[in-house]
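Here is the structure we will look at, set down as structure tokens.
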Number of protein chains: 2
Amino acid sequence: MTKIKLTYFDIQGVAEKVRLAFVLNGVDFEDVRIKHAEWQELKPKTKFGQLPLMQIDDGEEVAQSDAMLRFAATLGAAKLMPKEPIEQLKVNEAMGLVDDIARSWMPAHSIGMSPQKFGYEEGFQNTDEGKAKVLAMRENWLKTELPKFMKLVTALIEANGDEGFLASKDAPTIADCHMVPLLRNYQRGFMDGVPTTSLDEFTTVTAYIKRFLSIPEVAKYYEK
Amino acid sequence: MTKIKLTYFDIQGVAEKVRLAFVLNGVDFEDVRIKHAEWQELKPKTKFGQLPLMQIDDGEEVAQSDAMLRFAATLGAAKLMPKEPIEQLKVNEAMGLVDDIARSWMPAHSIGMSPQKFGYEEGFQNTDEGKAKVLAMRENWLKTELPKFMKLVTALIEANGDEGFLASKDAPTIADCHMVPLLRNYQRGFMDGVPTTSLDEFTTVTAYIKRFLSIPEVAKYYEK
């Protein structure tokens with residue numbers, strides 16, 4: 001049996017999709033969650049200066065969460081990635097839509113941490129002007145961009161029937177592992193300016209999230 | 001034989017990786033390049049409101065360039081994607097690094113077109129202050145971020161030997177189709193503030209680009 005160690009911070013972030021794929025596939029893995037203080041020491045020793053990192057059978061460390069997700073899908077019993085190119089295309093198309101949402105959301109999110117990336121002074125997010133800007137950008141994104149994306153997500157789910165997933169009819173794929181943690185960012189109330197009710201009006205989407213979280217393996221994982 | 005139609009603007013952009021995969025795989029495809037005026041009319045009719053679009057055997061339209069690239073890799077003779085999960089992991093890890101570079105570059109690039117995405121006034125890029133900001137952000141990125149990424153790219157190439165590609169030793173993969181057009185953005189001189197010499201000091205990288213562009217199928221494609 002393949003021995004897997006996955007190292008990330010103690011948050012969902014970009015590693016959650018990988019964890020979910022292991023959970024769905026019934027693959028035991030060592031779920032290492034480090035503190036930010038440990039990270040400062042570890043960072044210079046890592047391949048790309050990033051987390052998550054994955055180690056397979058005590059081998060070389062591997063970077064990139066998307067690559068880890070795709071690898072996790074090859075390990076277990078669940079069909080998280082279909083075999084036929086034309087069906088893979090559908091899954092990969094949905095994966096791309098998740099990336100589009102994340103990319104679109106990034107400035108409004110990231111300005112609250114790293115305003116200098118966007119041409120503002122360092123520390124701008126802590127000024128009164130900066131705090132107002134962060135909230136205004138997030139509010140505007142939730143009002144204008146989120147509904148456009150939720151329309152696309154709704155259409156993909158509905159094309160797969162009443163019990164549909166994002167790119168499949170009766171069982172999840174890696175696209176769901178990728179999409180659901182992203183969507184839950186708008187429900188979990190941990191980001192300033194993003195109320196837990198943000199998705200409530202998109203009922204196909206909220207039902208889909210519930211359906212995914214009710215899969216026995218997933219429900220058990222989140223019970224812990 | 002599968003009939004493929006790929007529709008995009010008459011630029012390299014995010015479709016070039018897909019075109020290169022078809023070229024390397026010797027797959028004939030209809031390379032439709034539309035004008036921005038046509039796009040205004042087409043956009044509301046498209047699946048995700050985006051280009052590129054791909055049509056396979058006159059079927060439904062497919063979106064998402066990453067999905068198209070992965071599909072293109074399944075069609076031809078060239079081994080653009082290995083079969084073994086552990087080798088795929090290496091290719092996918094390199095794919096993720098390309099995405100990281102693109103994501104990091106995005107604000108400095110995009111502020112020149114869509115400053116409102118980053119909390120600035122619409123039209124800011126056309127003011128004196130805005131023009132200076134765009135150039136300063138790009139210059140700063142080229143000076144600070146580009147060298148860090150080029151160090152990682154160099155290490156990946158060198159791990160594959162003197163004639164190495166990004167994730168393979170002797171023949172390109174989809175990771176190269178993805179990486180090379182991105183890298184050429186910093187050599188082609190079409191973006192304000194990005195001189196054609198931007199990559200010159202990273203000699204392993206420039207040699208790698210030349211090696212990829214010298215592959216007979218690729219060279220012939222760019223001769224046109």
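Please note that chains go A, B, ... in the order of the structure tokens, that every chain numbers its residues from 1, and that ligands are numbered from 1 in the order shown.
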Give me the chain B side of the contact with chain A, cut-off 6 Å, one line per residue showing its nearest atom pair and distance in Å at one decimal, counting only C-alpha atoms, sorted by chain and residue number, as a tab-separated table.
```
residue	atom	partner	partner_atom	distance
B:Gln64	CA	A:Glu93	CA	5.4
B:Ala67	CA	A:Asn92	CA	4.7
B:Leu89	CA	A:Ala67	CA	5.6
B:Asn92	CA	A:Ala67	CA	4.7
B:Glu93	CA	A:Ala67	CA	5.2
B:Gly96	CA	A:Gln64	CA	5.6
```
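By chain and then residue number, the residues within 6 Å of Lys169 (chain A) are A:Asn160, A:Gly164, A:Phe165, counting only C-alpha atoms and disregarding those fewer than 3 positions away in sequence.
When CA of Phe202 (chain A) is paired with CA of Met113 (chain A), their separation reads 28.3 Å.
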List every residue of region 22-189 of chain A that DSSP, applied to the backbone of this structure, assigns to alpha helix (DSSP H), and report them as a PyMOL selection string. chain A and resi 22-24+36-42+65-72+85-110+128-158+174-184
Residues near Thr204 (chain B), anyone? I mean within 12 Å using only C-alpha atoms, not counting same-chain ones fewer than 2 positions away, as a CSV table (one decimal) with N, CA, C and O atoms, in the first residue's frame.
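File out-v2.csv, as written:
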```
chain,number,residue,atom,x,y,z
B,150,MET,N,12.4,31.8,-12.2
B,150,MET,CA,13.4,31.2,-13.2
B,150,MET,C,14.4,30.3,-12.6
B,150,MET,O,14.8,29.3,-13.2
B,151,LYS,N,14.6,30.5,-11.3
B,151,LYS,CA,15.5,29.6,-10.6
B,151,LYS,C,14.8,28.2,-10.5
B,151,LYS,O,15.4,27.1,-10.7
B,152,LEU,N,13.5,28.2,-10.2
B,152,LEU,CA,12.8,26.9,-10.1
B,152,LEU,C,12.7,26.3,-11.5
B,152,LEU,O,12.8,25.0,-11.6
B,153,VAL,N,12.4,27.0,-12.5
B,153,VAL,CA,12.3,26.5,-13.8
B,153,VAL,C,13.6,25.9,-14.2
B,153,VAL,O,13.7,24.8,-14.8
B,154,THR,N,14.7,26.6,-14.0
B,154,THR,CA,16.0,26.1,-14.3
B,154,THR,C,16.3,24.8,-13.6
B,154,THR,O,16.8,23.9,-14.3
B,155,ALA,N,16.0,24.7,-12.4
B,155,ALA,CA,16.2,23.4,-11.6
B,155,ALA,C,15.4,22.3,-12.2
B,155,ALA,O,16.0,21.2,-12.4
B,156,LEU,N,14.2,22.5,-12.6
B,156,LEU,CA,13.4,21.4,-13.3
B,156,LEU,C,14.0,21.0,-14.6
B,156,LEU,O,14.2,19.8,-14.8
B,157,ILE,N,14.4,21.9,-15.4
B,157,ILE,CA,15.1,21.6,-16.7
B,157,ILE,C,16.4,20.8,-16.5
B,157,ILE,O,16.6,19.8,-17.1
B,158,GLU,N,17.2,21.4,-15.6
B,158,GLU,CA,18.5,20.8,-15.4
B,158,GLU,C,18.4,19.4,-14.8
B,158,GLU,O,19.3,18.5,-15.0
B,159,ALA,N,17.4,19.1,-14.0
B,159,ALA,CA,17.2,17.8,-13.5
B,159,ALA,C,17.0,16.7,-14.6
B,159,ALA,O,17.1,15.5,-14.4
B,160,ASN,N,16.6,17.2,-15.8
B,160,ASN,CA,16.4,16.3,-16.9
B,160,ASN,C,17.5,16.3,-17.9
B,160,ASN,O,17.4,15.9,-19.1
B,161,GLY,N,18.7,16.8,-17.5
B,161,GLY,CA,19.8,16.7,-18.4
B,161,GLY,C,20.0,17.8,-19.3
B,161,GLY,O,19.2,18.8,-19.4
B,162,ASP,N,21.1,17.8,-20.1
B,162,ASP,CA,21.5,18.9,-21.0
B,162,ASP,C,20.5,19.2,-22.1
B,162,ASP,O,20.4,20.3,-22.6
B,163,GLU,N,19.7,18.2,-22.5
B,163,GLU,CA,18.7,18.4,-23.5
B,163,GLU,C,17.3,18.3,-22.9
B,163,GLU,O,16.4,18.0,-23.6
B,164,GLY,N,17.3,18.6,-21.6
B,164,GLY,CA,16.0,18.3,-20.9
B,164,GLY,C,14.9,19.3,-21.2
B,164,GLY,O,15.1,20.4,-21.6
B,165,PHE,N,13.7,18.7,-21.0
B,165,PHE,CA,12.5,19.6,-21.0
B,165,PHE,C,12.1,19.8,-19.5
B,165,PHE,O,12.8,19.4,-18.6
B,166,LEU,N,10.9,20.3,-19.4
B,166,LEU,CA,10.5,20.7,-18.0
B,166,LEU,C,10.2,19.5,-17.1
B,166,LEU,O,10.5,19.6,-15.9
B,199,LEU,N,14.5,37.7,-20.2
B,199,LEU,CA,15.0,36.4,-19.8
B,199,LEU,C,16.4,36.1,-20.1
B,199,LEU,O,17.0,35.1,-19.7
B,200,ASP,N,17.1,37.1,-20.7
B,200,ASP,CA,18.5,36.8,-21.2
B,200,ASP,C,19.4,36.3,-20.2
B,200,ASP,O,20.3,35.4,-20.5
B,201,GLU,N,19.3,36.7,-18.9
B,201,GLU,CA,20.3,36.3,-17.9
B,201,GLU,C,20.0,34.8,-17.5
B,201,GLU,O,20.9,34.2,-16.8
B,202,PHE,N,18.9,34.3,-17.8
B,202,PHE,CA,18.5,32.9,-17.4
B,202,PHE,C,18.8,32.0,-18.5
B,202,PHE,O,17.9,31.6,-19.3
B,206,THR,N,16.5,30.2,-21.5
B,206,THR,CA,16.5,30.6,-22.9
B,206,THR,C,16.9,29.5,-23.9
B,206,THR,O,16.4,29.3,-25.0
B,207,ALA,N,17.9,28.7,-23.4
B,207,ALA,CA,18.3,27.5,-24.3
B,207,ALA,C,17.1,26.5,-24.4
B,207,ALA,O,16.9,25.9,-25.4
B,208,TYR,N,16.4,26.4,-23.3
B,208,TYR,CA,15.2,25.5,-23.3
B,208,TYR,C,14.2,25.9,-24.2
B,208,TYR,O,13.6,25.1,-25.0
B,209,ILE,N,13.9,27.2,-24.2
B,209,ILE,CA,12.9,27.8,-25.2
B,209,ILE,C,13.3,27.5,-26.6
B,209,ILE,O,12.5,27.0,-27.4
B,210,LYS,N,14.6,27.8,-26.9
B,210,LYS,CA,15.1,27.5,-28.3
B,210,LYS,C,15.0,26.1,-28.6
B,210,LYS,O,14.7,25.8,-29.8
B,211,ARG,N,15.3,25.2,-27.7
B,211,ARG,CA,15.2,23.8,-27.9
B,211,ARG,C,13.8,23.4,-28.3
B,211,ARG,O,13.6,22.6,-29.2
```
Region 34-42 of chain A: which residues within 10 Å, counting only C-alpha atoms, same-chain residues fewer than 2 positions away excluded, as a PyMOL selection string? chain A and resi 7-11+31-32+44-46+49-51
Can you write just those residues out, N, CA and C atoms, as a compact mmCIF listing (two decimals), in the first residue's frame?
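The resulting file, part-v6.txt, is reproduced below:
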```txt
# COMPACT_ATOMS: atom_id res chain seq x y z
N THR A 7 1.66 17.47 3.90
CA THR A 7 2.00 18.52 4.87
C THR A 7 1.41 19.86 4.40
N TYR A 8 0.68 20.49 5.29
CA TYR A 8 0.07 21.80 4.99
C TYR A 8 -0.19 22.51 6.30
N PHE A 9 -0.71 23.70 6.22
CA PHE A 9 -1.12 24.42 7.43
C PHE A 9 -2.41 23.80 7.97
N ASP A 10 -2.79 24.19 9.20
CA ASP A 10 -4.02 23.65 9.79
C ASP A 10 -5.24 24.46 9.34
N ILE A 11 -5.37 24.55 8.02
CA ILE A 11 -6.55 25.19 7.41
C ILE A 11 -6.97 24.31 6.23
N ASP A 31 -1.82 13.16 7.76
CA ASP A 31 -2.34 14.52 7.53
C ASP A 31 -1.58 15.49 8.45
N VAL A 32 -0.38 15.86 8.04
CA VAL A 32 0.47 16.70 8.88
C VAL A 32 0.05 18.16 8.75
N PRO A 44 12.63 27.44 3.46
CA PRO A 44 13.82 27.45 2.58
C PRO A 44 14.25 26.06 2.12
N LYS A 45 13.78 25.02 2.83
CA LYS A 45 14.18 23.65 2.46
C LYS A 45 13.24 23.01 1.44
N THR A 46 12.14 23.70 1.11
CA THR A 46 11.14 23.06 0.25
C THR A 46 11.42 23.31 -1.22
N GLY A 49 9.30 26.43 -2.29
CA GLY A 49 9.02 27.44 -1.26
C GLY A 49 7.56 27.51 -0.87
N GLN A 50 6.86 26.40 -1.02
CA GLN A 50 5.41 26.38 -0.86
C GLN A 50 4.92 25.17 -0.07
N LEU A 51 3.76 25.30 0.50
CA LEU A 51 2.95 24.17 0.95
C LEU A 51 1.67 24.19 0.09
```
What's around Glu30 (chain A) at 12 Å? Count only C-alpha atoms, leave out sequence neighbours fewer than 4 positions away in its own chain, and write the answer as a PDB file with C-alpha atoms, in the first residue's frame.
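Output contents, as saved in result.pdb:
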```
ATOM      1  CA  THR A   2       1.292   3.409  -0.940  1.00  0.00           C
ATOM      2  CA  LYS A   3       2.376   5.455   2.068  1.00  0.00           C
ATOM      3  CA  ILE A   4       1.393   9.109   1.784  1.00  0.00           C
ATOM      4  CA  LYS A   5       2.357  12.097   3.900  1.00  0.00           C
ATOM      5  CA  LEU A   6       0.619  15.398   3.165  1.00  0.00           C
ATOM      6  CA  THR A   7       1.996  18.523   4.865  1.00  0.00           C
ATOM      7  CA  TYR A   8       0.069  21.799   4.986  1.00  0.00           C
ATOM      8  CA  ARG A  19      -7.457  15.445   1.551  1.00  0.00           C
ATOM      9  CA  PHE A  22      -7.856  10.560  -0.262  1.00  0.00           C
ATOM     10  CA  VAL A  23     -10.911  10.391   2.005  1.00  0.00           C
ATOM     11  CA  LEU A  53       3.964  19.110   0.086  1.00  0.00           C
ATOM     12  CA  MET A  54       3.359  15.433  -0.531  1.00  0.00           C
ATOM     13  CA  GLN A  55       5.736  12.576   0.092  1.00  0.00           C
ATOM     14  CA  ILE A  56       5.079   9.140  -1.412  1.00  0.00           C
ATOM     15  CA  ASP A  57       6.691   6.061   0.146  1.00  0.00           C
ATOM     16  CA  ASP A  58       9.322   8.263   1.843  1.00  0.00           C
TER      17      ASP A  58
END
```
